[in-house]
Structure formats: C-alpha cells, structure tokens
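Dropping work_39.txt in here (compact mmCIF, C-alpha atoms):
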# COMPACT_ATOMS: atom_id res chain seq x y z
CA THR A 1 26.39 -15.11 8.24
CA ASP A 2 27.37 -16.84 11.47
CA LEU A 3 24.15 -18.48 12.72
CA SER A 4 25.71 -20.40 15.60
CA LEU A 5 23.67 -18.39 18.11
CA LEU A 6 20.48 -19.67 16.49
CA TYR A 7 21.68 -23.24 15.97
CA GLY A 8 22.71 -23.50 19.62
CA ALA A 9 19.36 -22.29 20.97
CA THR A 10 16.20 -24.11 21.98
CA LEU A 11 13.04 -22.81 20.32
CA GLY A 12 9.90 -22.29 22.39
CA ALA A 13 6.39 -20.90 22.06
CA PRO A 14 5.90 -17.12 22.29
CA SER A 15 3.74 -15.68 25.07
CA GLY A 16 1.85 -13.19 22.91
CA ARG A 17 2.14 -10.54 25.63
CA VAL A 18 3.03 -7.32 23.83
CA GLY A 19 2.96 -5.11 26.94
CA GLU A 20 4.83 -1.85 26.46
CA LEU A 21 5.30 -2.55 22.75
CA VAL A 22 1.72 -1.42 22.19
CA ALA A 23 2.47 1.95 23.77
CA GLY A 24 5.59 2.38 21.66
CA TYR A 25 4.19 1.39 18.28
CA VAL A 26 0.41 1.83 18.36
CA GLU A 27 -0.77 4.20 21.08
CA GLU A 28 1.80 6.89 20.27
CA GLU A 29 0.57 6.95 16.69
CA GLU A 30 -3.02 7.42 17.82
CA GLU A 31 -2.05 10.20 20.19
CA ALA A 32 -0.28 11.95 17.32
CA ALA A 33 -3.58 12.05 15.40
CA ALA A 34 -2.22 9.68 12.75
CA ALA A 35 -5.03 7.18 13.22
CA ALA A 36 -6.25 7.95 9.70
CA ARG A 37 -3.20 6.16 8.34
CA PRO A 38 -4.11 2.47 7.89
CA ARG A 39 -2.28 0.17 10.30
CA LEU A 40 -1.98 -3.61 10.13
CA VAL A 41 -0.58 -5.34 13.22
CA PHE A 42 0.51 -8.96 13.64
CA VAL A 43 1.72 -10.39 16.95
CA ASP A 44 3.96 -13.46 16.71
CA GLY A 45 2.80 -13.93 13.13
CA VAL A 46 -0.93 -13.78 13.96
CA TYR A 47 -3.33 -10.98 13.02
CA SER A 48 -4.40 -8.68 15.86
CA ALA A 49 -7.81 -7.16 15.18
CA ASP A 50 -7.62 -5.12 18.39
CA LEU A 51 -4.40 -3.34 17.37
CA SER A 52 -5.11 -2.98 13.64
CA ASP A 53 -7.09 -0.22 11.97
CA THR A 54 -7.46 -0.32 8.18
CA SER A 55 -10.81 1.46 8.01
CA SER A 56 -9.33 4.34 6.01
CA LEU A 57 -8.27 2.10 3.11
CA GLY A 58 -10.30 2.92 0.03
CA GLY A 59 -10.56 2.04 -3.64
CA GLY A 60 -11.15 -1.64 -2.96
CA ALA A 61 -7.72 -2.10 -1.38
CA TYR A 62 -7.37 -4.75 1.32
CA ALA A 63 -4.99 -5.28 4.22
CA GLY A 64 -5.73 -8.02 6.73
CA PRO A 65 -5.52 -11.74 7.53
CA LEU A 66 -5.67 -14.56 5.01
CA GLU A 67 -9.16 -15.69 6.00
CA GLN A 68 -10.70 -12.38 4.88
CA VAL A 69 -8.77 -11.84 1.64
CA PRO A 70 -10.98 -10.73 -1.31
CA PRO A 71 -12.18 -13.58 -3.53
CA GLU A 72 -10.73 -12.01 -6.70
CA VAL A 73 -7.19 -12.60 -5.44
CA ARG A 74 -7.71 -15.50 -3.03
CA GLU A 75 -6.56 -18.18 -5.47
CA ALA A 76 -3.55 -16.13 -6.53
CA VAL A 77 -2.49 -15.64 -2.91
CA LEU A 78 -2.96 -19.32 -2.09
CA GLU A 79 -0.96 -20.28 -5.18
CA SER A 80 1.90 -17.98 -4.16
CA LEU A 81 2.00 -19.60 -0.72
CA ARG A 82 2.69 -22.96 -2.33
CA GLU A 83 5.93 -21.66 -3.81
CA ILE A 84 9.07 -22.19 -1.74
CA PRO A 85 12.03 -20.17 -3.03
CA GLU A 86 15.22 -21.90 -4.18
CA ARG A 87 13.60 -25.35 -3.99
CA GLU A 88 15.91 -26.90 -6.58
CA ALA A 89 18.59 -24.23 -6.75
CA ASP A 90 22.30 -24.66 -6.18
CA PRO A 91 22.90 -23.49 -2.57
CA ARG A 92 26.38 -22.30 -3.53
CA THR A 93 24.96 -19.59 -5.79
CA GLU A 94 21.73 -18.65 -3.99
CA LEU A 95 20.91 -16.42 -1.03
CA GLY A 96 20.01 -19.29 1.29
CA CYS A 97 16.27 -18.55 1.52
CA HIS A 98 15.02 -22.11 1.10
CA THR A 99 15.57 -23.60 4.56
CA PHE A 100 14.10 -20.69 6.48
CA ALA A 101 11.24 -20.22 4.00
CA ALA A 102 10.36 -23.91 4.34
CA LEU A 103 10.41 -23.56 8.13
CA ASN A 104 8.14 -20.53 7.87
CA GLN A 105 5.75 -22.48 5.67
CA ALA A 106 5.72 -25.48 8.00
CA ALA A 107 4.90 -23.27 10.99
CA LEU A 108 2.41 -21.06 9.12
CA SER A 109 -0.35 -19.74 11.38
CA ASP A 110 -1.55 -16.67 9.45
CA VAL A 111 -0.63 -14.42 6.53
CA ALA A 112 -0.59 -10.64 6.30
CA CYS A 113 -2.31 -10.05 2.96
CA VAL A 114 -2.14 -6.73 1.14
CA TYR A 115 -3.98 -6.18 -2.14
CA VAL A 116 -4.24 -2.96 -4.16
CA PRO A 117 -6.48 -3.23 -7.26
CA SER A 118 -5.42 -2.04 -10.69
CA GLY A 119 -5.16 1.73 -11.01
CA VAL A 120 -5.59 2.39 -7.28
CA ALA A 121 -3.06 4.43 -5.27
CA VAL A 122 -2.56 3.95 -1.51
CA ASP A 123 -0.38 6.60 0.10
CA THR A 124 0.88 4.78 3.19
CA LEU A 125 0.19 1.45 4.84
CA ARG A 126 1.96 0.64 8.09
CA LEU A 127 2.61 -3.07 8.73
CA ILE A 128 3.79 -3.70 12.30
CA LEU A 129 5.16 -7.17 13.12
CA LEU A 130 5.67 -7.66 16.85
CA SER A 131 7.44 -10.57 18.55
CA THR A 132 7.21 -11.65 22.19
CA PRO A 133 9.38 -13.87 24.44
CA SER A 134 8.44 -17.25 25.87
CA TYR A 135 6.26 -17.66 28.91
CA PRO A 136 8.13 -16.92 32.15
CA ASP A 137 7.76 -20.48 33.37
CA SER A 138 9.21 -22.05 30.23
CA GLY A 139 12.83 -21.05 30.76
CA ALA A 140 15.61 -23.53 30.25
CA GLU A 141 17.37 -25.20 33.16
CA ALA A 142 20.74 -23.93 34.33
CA GLY A 143 23.47 -24.84 31.87
CA ALA A 144 21.03 -25.61 29.07
CA SER A 145 20.90 -23.94 25.67
CA PRO A 146 19.33 -20.47 25.59
CA GLN A 147 15.65 -20.47 24.70
CA LEU A 148 14.23 -18.32 21.94
CA ALA A 149 10.51 -17.90 21.36
CA ALA A 150 9.88 -18.62 17.67
CA SER A 151 7.45 -16.77 15.41
CA HIS A 152 7.07 -16.91 11.63
CA PRO A 153 5.39 -13.81 10.16
CA ASN A 154 4.33 -14.11 6.54
CA LEU A 155 3.46 -11.32 4.09
CA SER A 156 1.78 -11.70 0.71
CA LEU A 157 1.48 -8.41 -1.20
CA TRP A 158 -0.17 -8.03 -4.59
CA LEU A 159 -0.35 -4.83 -6.66
CA GLY A 160 -2.60 -4.79 -9.72
CA ASP A 161 -1.62 -3.18 -13.01
CA GLY A 162 -0.93 0.51 -12.55
CA ALA A 163 -1.44 0.36 -8.77
CA SER A 164 0.85 2.10 -6.32
CA LEU A 165 1.59 1.72 -2.61
CA SER A 166 3.94 3.12 0.00
CA LEU A 167 4.56 0.38 2.57
CA LEU A 168 6.23 0.87 5.95
CA GLN A 169 7.13 -2.59 7.29
CA GLN A 170 8.33 -2.53 10.91
CA TYR A 171 9.74 -5.35 13.03
CA ALA A 172 10.01 -4.98 16.80
CA GLY A 173 9.80 -7.07 19.95
CA ARG A 174 10.92 -7.59 23.51
CA GLY A 175 12.99 -10.25 25.21
CA ALA A 176 14.75 -13.15 23.49
CA TYR A 177 13.12 -14.61 20.39
CA PHE A 178 13.64 -15.88 16.85
CA CYS A 179 11.68 -14.03 14.17
CA ASN A 180 11.68 -15.93 10.88
CA GLY A 181 9.86 -13.82 8.28
CA LEU A 182 8.91 -14.43 4.67
CA SER A 183 7.63 -11.60 2.45
CA ARG A 184 6.32 -12.17 -1.09
CA LEU A 185 5.76 -9.05 -3.21
CA ARG A 186 4.19 -9.21 -6.66
CA LEU A 187 3.90 -6.09 -8.80
CA GLY A 188 1.69 -6.00 -11.88
CA GLU A 189 2.41 -4.05 -15.06
CA ASN A 190 3.36 -0.41 -14.40
CA ALA A 191 2.76 -0.88 -10.67
CA SER A 192 4.88 0.99 -8.13
CA LEU A 193 5.91 -0.05 -4.64
CA THR A 194 7.90 2.15 -2.26
CA HIS A 195 9.04 -0.17 0.50
CA ALA A 196 10.47 1.17 3.76
CA TYR A 197 11.73 -1.78 5.83
CA LEU A 198 12.63 -0.99 9.44
CA GLN A 199 14.13 -3.72 11.62
CA GLU A 200 14.15 -2.63 15.29
CA GLN A 201 14.21 -5.99 17.07
CA SER A 202 15.19 -6.34 20.72
CA ASP A 203 18.79 -6.77 21.83
CA GLY A 204 18.32 -10.51 22.40
CA ALA A 205 16.56 -11.28 19.11
CA VAL A 206 17.57 -13.33 16.10
CA HIS A 207 15.97 -11.98 12.93
CA VAL A 208 15.86 -13.74 9.56
CA ASP A 209 13.70 -12.54 6.69
CA SER A 210 13.47 -13.40 3.00
CA VAL A 211 11.93 -10.64 0.87
CA LEU A 212 10.98 -11.90 -2.59
CA ALA A 213 9.83 -9.35 -5.18
CA THR A 214 8.59 -10.11 -8.71
CA LEU A 215 8.07 -7.26 -11.18
CA ALA A 216 6.03 -7.28 -14.38
CA ALA A 217 6.62 -4.94 -17.34
CA GLY A 218 7.07 -1.31 -16.42
CA ALA A 219 6.84 -1.95 -12.68
CA ARG A 220 9.05 -0.09 -10.21
CA TYR A 221 10.26 -1.28 -6.80
CA ASP A 222 12.08 1.09 -4.44
CA ALA A 223 13.35 -0.57 -1.25
CA ASN A 224 15.01 1.20 1.66
CA ILE A 225 16.11 -1.22 4.36
CA VAL A 226 17.28 0.01 7.77
CA GLN A 227 18.51 -2.42 10.44
CA SER A 228 19.35 -1.30 13.95
CA GLY A 229 18.08 -4.05 16.27
CA GLY A 230 18.72 -7.67 17.07
CA ARG A 231 21.78 -9.49 18.24
CA LEU A 232 21.86 -11.36 14.93
CA SER A 233 20.00 -10.35 11.77
CA ARG A 234 20.04 -11.46 8.17
CA VAL A 235 17.74 -10.09 5.47
CA ASN A 236 17.71 -11.82 2.08
CA LEU A 237 16.36 -9.62 -0.71
CA ALA A 238 15.65 -11.41 -4.00
CA VAL A 239 14.21 -9.46 -6.94
CA ARG A 240 13.10 -10.82 -10.31
CA LEU A 241 12.64 -8.31 -13.13
CA GLU A 242 10.34 -10.35 -15.35
CA GLY A 243 8.97 -7.62 -17.60
CA ARG A 244 10.46 -5.08 -19.99
CA HIS A 245 11.35 -1.69 -18.53
CA SER A 246 10.86 -2.85 -14.95
CA HIS A 247 13.21 -1.22 -12.44
CA ALA A 248 14.44 -1.95 -8.91
CA SER A 249 16.28 0.44 -6.61
CA LEU A 250 17.68 -1.20 -3.47
CA ASN A 251 19.21 0.75 -0.60
CA GLY A 252 20.29 -0.65 2.76
CA ILE A 253 22.00 0.57 5.89
CA ALA A 254 23.00 -1.18 9.12
CA LEU A 255 23.26 0.85 12.32
CA GLY A 256 24.72 -1.62 14.77
CA SER A 257 27.27 -1.90 17.55
CA GLU A 258 30.26 -4.22 17.86
CA SER A 259 28.06 -6.82 19.62
CA GLN A 260 25.63 -7.08 16.71
CA LEU A 261 25.76 -8.89 13.38
CA LEU A 262 23.45 -7.22 10.83
CA ASP A 263 23.62 -8.64 7.30
CA LEU A 264 21.80 -7.75 4.10
CA HIS A 265 22.22 -10.05 1.10
CA SER A 266 20.62 -9.26 -2.25
CA ALA A 267 20.22 -10.84 -5.67
CA VAL A 268 18.60 -9.14 -8.66
CA ARG A 269 17.80 -11.23 -11.72
CA HIS A 270 17.26 -9.44 -15.02
CA VAL A 271 14.93 -12.03 -16.53
CA SER A 272 13.61 -9.71 -19.24
CA PRO A 273 15.56 -7.43 -21.59
CA ASP A 274 15.44 -3.65 -21.18
CA CYS A 275 15.07 -3.76 -17.39
CA SER A 276 17.33 -1.99 -14.91
CA SER A 277 18.41 -1.99 -11.27
CA GLU A 278 20.64 -0.13 -8.85
CA GLN A 279 21.90 -0.95 -5.36
CA GLU A 280 23.58 1.04 -2.59
CA PRO A 281 24.21 -0.89 0.64
CA ARG A 282 26.01 0.76 3.55
Write out the structure in this file as structure tokens.
Amino acid sequence: TDLSLLYGATLGAPSGRVGELVAGYVEEEEEAAAAARPRLVFVDGVYSADLSDTSSLGGGAYAGPLEQVPPEVREAVLESLREIPEREADPRTELGCHTFAALNQAALSDVACVYVPSGVAVDTLRLILLSTPSYPDSGAEAGASPQLAASHPNLSLWLGDGASLSLLQQYAGRGAYFCNGLSRLRLGENASLTHAYLQEQSDGAVHVDSVLATLAAGARYDANIVQSGGRLSRVNLAVRLEGRHSHASLNGIALGSESQLLDLHSAVRHVSPDCSSEQEPR
C-alpha cells in the first residue's frame, strides 16, 4: 500500500466537533425507532456518553469505556492491551500491523470494551467510531505539508464460551484526518461472532486498522468488510484459529473510485488441527 500521503502529512489534534455526523449516524436511528438497539459511540477514540445508549443490553453483557469494564474481565482486557502484534515477526512475511499498533498504543486515550458472558446471545450491537478534523485555527501555512487530525480508536472484544454477538462496526468522519484503529477480538470455545465492518470515512481521510481475531475450539468468526470511503485506506485482518473445529469466513469488498486506494490484507493461521477458513475478497 502506498502510504506516501500519510508520510508527507503533519499530524494534529482533532477538534472533537462531530456536527452533522450526529444527525447522519445517531439521530436518524432514533427517529427510525431503532433506539432499542444498543449503540456505542466513540469520537476521536474517546467514549461519548451523550451519544451512546446501551441500556437495552441484557444478560450481563457490557459495552462501554475501559474505566467501567466489569471486574471479571478487567484483568484479561488489560493483559490483551499489553500485547503488540508482530513484535518480533519478520516484516517481510507479516501484514505490517506492528508499527501502527504501537502508535495506537502510545496514543491510547480510551478503549471500546465489549464483553458477552458465556452462554449469552446479543443480537446486534452498533459500534460507531467518528473522527473529526483539526481546529480551524491550526491549519498549516501555505506550502507546508497537509495537516491531518490524528485519532486512535481501540476496540477490545471478548466473547465467553458459547456466547454469540452480531457486531456492526462503523467508521465515519468529516474533513481531513488520520484514523489509526486497532481491534482485538477474542472468541471463547463455541462462541460465534458475526462482524459487519463498514468503512465510510470522508474523502480526505487516511484510514488504517488492524483487526486481530483469536478463536478457541469450536468458535466461529464471520467477517464482512465493506470499504467505500477515505482517500487512502488499509485494513489488516489477522485471524488465529487456536482451537479444534474453529472456523473463519472472511469476505471483503471495496467500492471506490479511481482517486481512492482501498486495500484489504488478510492472514489466517491454522494453529490447531481440524480448523477451517474461507475467504472471498472483491
């Protein structure tokens, strides 16, 4: 992936002003009487209590910021945050997650935490990750490098044994910005995750995300990744099938124009015997 646009830019602080994005991604849902569907919203990587509504989550499931994560999984979540992917791997054979994951970790301001206890089923959780441009008065001088507001959203998702979840993860924003995401997904034995990933960033955005999924025995992960936004986008999808009879189905499609570069790179490791996977990128 040609990242020269990112390397030639100056990174700045985001303004946090979501403006019309709220109307497009939150208010329309409420007007459509879909408020009963739990919604978790982060703005520039930071939890927004005003825009989120997870009151309909039941069965002990949790979706919210790191500071309120249930004590039974707090240590597990904190331990997962200490892991940086591809730390000692050969960069010639890996996806290239390490540098951007390390940057995400260094700039960590909050974590979107999702926990579904063993045996609990959650129909749909909507995770909305919004990005905003820099403050109007922080623009670069004439002739200088373009400025991109930088945000680093972080997701830690944990499904207990036999749990199931349908997750809709949406990225959107306005203006020029760099969104550097990191998503860690851990599925317990016989857990099931249906993951709809929708990247609808603004025309001036640079989007990089590393999605790391680990599956225990009998777990199933179905990912459908759609990219239509951003001037430059790269999604790294790394899956580890660590238990027998675990299965991953990965589907991806890019709907871009000639002025966009939308990449999806995947790696599936069959760590355990008797596991299976299938992929269909378009």
| In Å, how far is it from CA of Thr194 (chain A) to CA of Asn251 (chain A)? | 11.5 Å
| field | Nearest residue to Arg184 (chain A) from the set A:Ser15, A:Ser164, A:Ser257, A:Ser80 (distances using all atoms listed in the file) | value |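 With all atoms listed in the file as the atom set, the closest residue is A:Ser80.
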| Nearest to Val111 (chain A): which of A:Tyr62, A:Trp158, A:Tyr135, A:Tyr47 is it, counting all atoms listed in the file? |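 That would be A:Tyr47, the residue with the smallest distance to Val111 (chain A).
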| request: Skip Tyr197 (chain A) itself and residues of its chain fewer than 5 positions away, then list as a PyMOL selection string all residues within 8 Å of it, counting only C-alpha atoms. | output: chain A and resi 168-170+223-226
| request: Measuring atom to atom with all atoms listed in the file, identify which of A:Leu103, A:Val18, A:Cys97, A:Leu155 is nearest to Leu78 (chain A). | output: A:Leu155
